[in-house]
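*Asks:* Pasting a structure below so you can have a look.
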Amino acid sequence: MVLEASDSNLEKAPTTTKEVSTYYTTRHDSYQTKLCWFRLAAVKLGRWLFLAFCIYRFALPSLPSRPVIPPLHAKYSKALLDDPASEFADNDFPLRAHEPWDISVDFPHPRTLSYDVTEGTWLRLDVHPVSGDIVFDMAGDVYCLPGDAYLGAVGRVGGRTEAVPVLTGVPHDADPRFSPAGDKLAFRSDAGLGADNLWVMPWAADGCMAMDIRAHVSSSHEIELKIDDEEKLTRGMKETSERKLRRLTREGRVNAQRITNETYNWVSDPRWHPSGDKVVATKWYYSSRSLGAGEGWEFPVPAIHSQSQVEAGTGKRLVSKRLPMGWTKADYVEQQIGHEQFIWAGDDALIYAGNVKDVDGSYTYSKDVHRGIYAIFQRNLTTGVEKTLVDAFPGGASRPILSRDGRTLAFVRRVRDKEALVLKDLNTGTLHHIWHGLTYDLSTIYAPMGTYPSFSFTPSSSSPGIIIWAAGQIWHVPLAHNAEGELVAATRATNNADLTPKVIPFTAQISKKLAETRRMKTDVRKLESGPQRVRAFTQLALDESGKRAVFAGAGQTWVQVLGDSLINPTTLNPVDDANFLGTSKPAQRIPHLHPSAGYYSPSFVPASSFILHARWDDTNFSFLELADLESGQVWEVVGLPKGRWFGAVVNGARTVVLVKTGGDALTGNVVATAQTGVWVGEIMLPSHSCSEGTVKLTNLRYVQSSIDPSDVVKLSFVDGESNEVFVQQSDSVLRVSLRDGGQKVVARGKGTDELVFSPSGSVPSISSRLARHNQETGGAAFVSLFHVYYASPSSVDSEKAMWAKPGKAPKHLARLSGDGGHDVVFSGDGSVIGWLLGPYLHTLQLSRLPSCASAIEADTSNFGIDCVRGLLDVTAVDVAYTPDVQRLYSEARVSIADGTQRSTVADNNAHVVIIHNATVLSMENGVLTQDLRSGASVVIRSGVVEAVGGPGVGEGLPGAFEINAEGGYVVPGFIDSHAHWDGTNDKYPATSWEMQTFLAYGVTTLHNPSLHNSLGYVERGRIESGHMVGPRLFHTGTVIYGASEYSIHQDIASMREAREALIRIKAEGGDASWSYKNYNLPTRAARQRLLTAARDVGMLCVPEGGMNYDWDLTYIMDGMTTIEHNIPASILYDDILTLYTMSGTGSTPTHIVDYGGMFGEQYLWATEDIPNDPKLRTHTRHDILEGISESTSRPFNSMALWNVSASVANMVHRGLRAHIGAHGEPPLGLMYHQEMFYAKAGGLSNYEVIRAATADAAITFGLFDSLGSISGGKLADLVIFPPGFDLLQDDIRHTRNIRYVMRGGRIWDAEIMEEVWPVKRKQVLPPFNAE
């Protein structure tokens, strides 16, 4: 269904009663004496001022007269002086200056895609003030249509006018705008570094034809030069100045001059001042969220051909963001709502639009356009007074354009199910709806490309009109004056039916330079063959001297002896497993009582051979065990109340400190949620000859404190004492008294992920009255911006937050990690720092660090890492698990051991499954007639498909497990290409209801494009090693994030940074790590560097679409593998349909959270009884279900997803590969099938939807050799539907009704998730529901 319509200083604390201010203790008579003195002084001052006035007024000679300027009214001066942005320094990002990069020559674009179009998408245009020529951007290039294409063309019949190219090439150009005199063109471009900046170039007096860049490649010699130049770039030959000149000439930008220099923020929408010597534009700022908020900025325009350099960040702020009620100026950076679409209204006033619905500083999705979102304002720059020109209700108002005489304001708004072009006469205030033929505006989303494409009034005052884009075409909308002199629709003023809006037919040739789409293959079958290495570990702890380490991985706890490693830290490649060959002793499993249970949170007991670690039980939660590494004996610790406990540490006096947390994602909020925080008790350690199986935890008591148990919490005793501990969180270290809960901050971090404090060092006691702020403390280590750093004791100041920005970092800060690190800890004596990166445990003897002191001081950018790296010791942690296929084989043999058919033949077939009488939709060929087979059989051996054929296939295999499909459909297991979930970061190895629910709805493979680098692979390890049930889990690691979130921001300002960013992801997953996600990185150079590194490391790129239309197009042209989410212009036309389809980039539209109007998830919540769905209530937390019931009164056409679905279907029919991704929206599992419904709604067949859910996703992700079809040699991931359901003809939403789901040959009853083969069992979930 297509619905087409048109570090500030801390304030000094108040004086305490112990030091009462002398003001309050001054004697009263002294006060009176001072008061009299001040009165006398005031009288004398008055007399002198009067005398000075008389001398000035009467005695001095006459001065030339000058105009009297009255003072501004108080409210005006306040408006000017009280600028919300006055304290905003904007000097944190970028962290480092970018190394030189040119997006046109430093990244190859070897392909050329040329095609003709007669329609375009989101064409932003302007009209020449004299000739009437139309200039517009299309697919990242700029074109020109001569004015005679419409001038005097009333009733014109005939062919199309050719739009000539004015700017082309690799750079993405947009927002063209003529100067008032028409002699210059301003535009936005990412040329050079790839940041969106403003440029100006001269415009020829002869107009379009004179600007046609094809004239520079007209002769055979010029064509040969062009081909040769492009081939040299493709081969990586450095561009000479001569070749550069030719390239810039061919692209039309040889005389273009940049007038802004932004390398982090970006600018758009230039609008000329009437003087022609400056422009106003929207400058976009990130908060911690990657949604730009606009400000109005003024930029001077130098003379054409001047060679002046533009300083970074140059310009003048004219309009700031507003601060919500209760916010201070210190909060300014976090305001996510700003202003945009600025235009001049005379010399000293601006008109602009802004979102007025998100009033609390936070952007919200799925707003109701009919209630209005944007309004239009005018501000006088002299007085600072702002007024509303057009209110948001009804239907909103945005994209203001002013008539050439300044009297009429044009804008767009939603009117019922139409989009209207509206005029407001600024003299009379009258509104006129001119035309209802526009395409829907994008005020429902964050729209840096504009809520509507820019348009323009024609230059003629006698035949006024508007040139505007709508529905893929450029339109001429005739206007006329009514009796009041107001501009109205021409048909209304003249009653001339011929003066209706008309299309200006055009044709254009698009020629785009494309990079090779990022492709690679991953053999998932290899991940199921033989022992598999555990690569991701967490919860690291070192012993007293740093010679041994304990940690958790894949749901188990391990101990590793350090030292004697043969790994050279200066040449270490963390993704090369050759490092494991004889380099260190294998890690050993910590002795334990329950082999199948999950273990976590290990720690050393000082001056002993004991290790204390925790065991998890899904019903009874946490238990503690004490293990003796020498004897292998294990004791259960009794006396721990039921609850979620972690982080237990013991000191020499046998005091135990540990943390209790409340509810979390996987265990819910029903059981044992009270008194969270720090607890302390005593433990009596057993002698080595003790034969009793338990030890007692006594005197356990709660310590009141302000810690956040849900955050990172690492505990250590202060100098081994029993009465104080360091509570180390992500961005602070507290020193807490275990006697009375007294606490003091001893270290702070800014955006740090981890912060730990040396357990040794001169730290004053909290209770000491002699404590002083500036007394030396211990050293600190922290994780900032994904790297591990060390700050020496002299650099740690409890009142200054530490982070790793060059120029703002603590003095003498040293970077310790080469590619990254996590789980940083000190040894018990504080002499060693350790951290993890994948299966590599790094340690540093701090006594070695002074040898790099000079290098650390000299390296102001990377803090001496090139020297420090050589001081490290690296241990390869060698831990392996048995993959599921091998476990399945042994379990199947055991399951028939006592069977009546036990024989050698039957034993040989114990691991065989036969599905017969099935309607198999194999998805092997991508063609329905070739993939559909009725009455078929499928033979599966050891989790791999052995054969697919007719009824006779699989006969004569005694001992095999058989399933009679009764004619039901069998299809490959579903791949959720864009999945999210919440339980990964939970501290406990609880069984995941999230993973179970995905599998219950047929999703056998998950791809999460935003998951913690290491913890995501810890979770995957628990699934693959058999500790819990779940789909195959792949993910991108933590997103490579462009916004101002200090803990995860990355600039990627160099190739070194690009490689490090990918290595630290791949190190955690190895071959199972094959994708990364750049998330709204603001510079194209950064994105291209990552793509370059990805070719070397072997990874795909799945970028965040992020509602930025222009950036989405560059993702396609630079060869990114997919685009996550829909392109925000919901209806696409031939320019983008062809580009997207022919590029090779895939699409994961996620209609569930569609950009534009009501989300798809809301439609499901409103139309089905989700809280009472029996299957969901079996597998899912009830509180989540009960929170997603909704009703909506918004019109059906408020959901732009229907148009998105149609555009995607159109491209699929042209050859695009689309995928199904449900974004992890609740309810998990079921929402995947709703996404399939939305994919079908735009015109896909059921077969095409299933192909998107299986084969196409597997092909795009490079997994098709192992997954995505029912074919011999592939892993047996299958979905078996009940008989009676016609998968190809019935409602696609019925795919939620699944009989069996198979993952690698293991079979579950999908309704209740009981395993039916090879072992009958059902996993236990935590008690997360109250009923």
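To be explicit about the labels: the chains of the structure tokens are called A, B, and onward in the order shown, and within each one the residues are counted from 1, while ligands get numbers from 1 in the order they are shown.
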Tell me which protein, DNA and RNA residues are within 8 Å of range 644-646 of chain A, counting only C-alpha atoms, leaving out same-chain ones fewer than 6 positions away, and put them as a PyMOL selection string.
*Replies:* chain A and resi 600-601+614+621-623+658-662+672+987-988
*Asks:* Leaving out Lys547 in chain A and any residue of its chain fewer than 6 positions from it, which residues lie within 12 Å of it when counting only C-alpha atoms, given as an NGL selection string?
*Replies:* :A and (541 or 559-564 or 604 or 826-829 or 831-834 or 841-845 or 873 or 875)
*Asks:* Kindly give the distance, in Å, that separates CA of Val135 in chain A and CA of Pro176 in chain A, rounded to a single decimal.
*Replies:*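 Spanning CA of Val135 in chain A to CA of Pro176 in chain A is a straight-line distance of 6.7 Å.
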*Asks:* What is the CA of Thr557 in chain A-CA of Val671 in chain A distance in Å, reported with one decimal?
*Replies:* 25.6 Å
*Asks:* Could you give me, as a ChimeraX atom specification, each residue of range 165-335 of chain A that DSSP assigns to strand (DSSP E or B) when run on this structure's backbone?
*Replies:* /A:165-167,173-178,184-189,197-202,257-258,266-272,278-285,293-300,316-319
*Asks:* Residues of range 1032-1242 of chain A classed as helix (DSSP H, G or I) by DSSP on the backbone are to be reported as number ranges by chain.
*Replies:* A: 1055-1072, 1084-1097, 1109-1117, 1134-1143, 1151-1153, 1160-1167, 1170-1172, 1174-1179, 1182-1186, 1196-1198, 1201-1214, 1230-1241
*Asks:* Write out as a PDB file with C-alpha atoms, in the first residue's frame the residues lying within 7 Å of Ser366 in chain A, counting only C-alpha atoms and excluding same-chain residues fewer than 4 positions away.
*Replies:*
ATOM      1  CA  THR A 444       8.335  13.727  12.316  1.00  0.00           C
ATOM      2  CA  GLY A1156       8.675   8.966  10.008  1.00  0.00           C
ATOM      3  CA  GLY A1157       5.481   8.994  12.016  1.00  0.00           C
ATOM      4  CA  MET A1158       4.163   6.219  14.179  1.00  0.00           C
ATOM      5  CA  PHE A1159       6.440   3.226  14.680  1.00  0.00           C
TER       6      PHE A1159
END
*Asks:* What's the 9 Å shell around Lys357 in chain A, counting only C-alpha atoms, without same-chain residues fewer than 4 positions away, as a tab-separated table (two decimals) with N, CA and C atoms, in the first residue's frame?
*Replies:*
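Writing the result to selection-v1.tsv gives the following:
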chain	number	residue	atom	x	y	z
A	364	THR	N	12.43	12.98	20.99
A	364	THR	CA	11.57	11.79	21.06
A	364	THR	C	11.12	11.41	19.66
A	367	LYS	N	6.43	11.20	16.98
A	367	LYS	CA	5.51	12.30	17.33
A	367	LYS	C	4.38	12.38	16.32
A	372	GLY	N	1.14	18.88	15.23
A	372	GLY	CA	2.16	19.90	14.98
A	372	GLY	C	3.43	19.64	15.75
A	373	ILE	N	4.55	19.79	15.08
A	373	ILE	CA	5.86	19.54	15.69
A	373	ILE	C	6.75	20.78	15.54
A	374	TYR	N	6.84	21.31	14.36
A	374	TYR	CA	7.67	22.48	14.08
A	374	TYR	C	6.83	23.75	14.04
A	392	ALA	N	2.84	25.83	15.63
A	392	ALA	CA	2.96	24.43	15.20
A	392	ALA	C	1.61	23.77	14.96
*Asks:* Using only C-alpha atoms, which residues sit within 8 Å of Ala880 in chain A once same-chain residues fewer than 6 positions away are excluded, as a compact mmCIF listing (two decimals) with all heavy atoms, in the first residue's frame?
*Replies:*
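And here is the file that came out, around.txt:
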# COMPACT_ATOMS: atom_id res chain seq x y z
N PRO A 531 37.53 -28.46 18.79
CA PRO A 531 37.53 -27.56 19.94
C PRO A 531 37.61 -26.11 19.48
O PRO A 531 38.34 -25.77 18.55
CB PRO A 531 38.77 -27.97 20.72
CG PRO A 531 39.06 -29.37 20.28
CD PRO A 531 38.65 -29.43 18.85
N GLN A 532 36.84 -25.27 20.13
CA GLN A 532 36.80 -23.85 19.79
C GLN A 532 37.38 -23.02 20.93
O GLN A 532 37.09 -23.26 22.10
CB GLN A 532 35.36 -23.41 19.51
CG GLN A 532 34.74 -24.06 18.29
CD GLN A 532 35.44 -23.66 17.01
OE1 GLN A 532 35.58 -22.47 16.73
NE2 GLN A 532 35.89 -24.65 16.25
N ARG A 533 38.18 -22.02 20.56
CA ARG A 533 38.85 -21.20 21.57
C ARG A 533 37.88 -20.19 22.16
O ARG A 533 37.15 -19.51 21.44
CB ARG A 533 40.04 -20.49 20.94
CG ARG A 533 40.77 -19.55 21.90
CD ARG A 533 42.15 -19.20 21.38
NE ARG A 533 43.06 -20.34 21.52
CZ ARG A 533 43.64 -20.97 20.50
NH1 ARG A 533 43.40 -20.57 19.27
NH2 ARG A 533 44.43 -21.99 20.72
N VAL A 534 37.89 -20.09 23.48
CA VAL A 534 37.19 -19.01 24.17
C VAL A 534 38.07 -17.77 24.06
O VAL A 534 39.24 -17.81 24.43
CB VAL A 534 36.91 -19.35 25.65
CG1 VAL A 534 36.24 -18.17 26.35
CG2 VAL A 534 36.03 -20.59 25.74
*Asks:* Counting only C-alpha atoms, what is within 10 Å of Gly1268 in chain A, bar same-chain residues fewer than 3 positions away, as an MDAnalysis selection string?
*Replies:* chainID A and resid 922:924 971:975 1005 1251:1259 1263:1265 1271 1274:1278
*Asks:* List as a PyMOL selection string the protein and nucleic acid residues near Val319 in chain A, meaning an atom at most 8 Å away when only C-alpha atoms are counted, but skip any in the same chain fewer than 4 places from it.
*Replies:* chain A and resi 295-297+339
*Asks:* State, in Å with one decimal place, the distance from CA of Gly132 in chain A to CA of Glu340 in chain A.
*Replies:*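 CA of Glu340 in chain A lies at a distance of 26.2 Å from CA of Gly132 in chain A.
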*Asks:* Which residue gives the smallest distance to Gln704 in chain A among A:Ser934, A:Ser687, A:Thr655, A:Ser737, with only C-alpha atoms counted?
*Replies:*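 Smallest distance to Gln704 in chain A is found for A:Ser737.
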*Asks:* Point out the residue among A:Glu222, A:Asp347, A:Asp190, A:Asp391 with the least atom-to-atom distance to Pro1082 in chain A, counting only C-alpha atoms.
*Replies:*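 For Pro1082 in chain A, the nearest of the candidates is A:Asp190.
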*Asks:* Could you check which of A:Ala665, A:Ile1136, A:Ala410, A:Ala181 is closest to Glu994 in chain A, using only C-alpha atoms?
*Replies:*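 Answer, going by the shortest atom-to-atom distance: A:Ala665.
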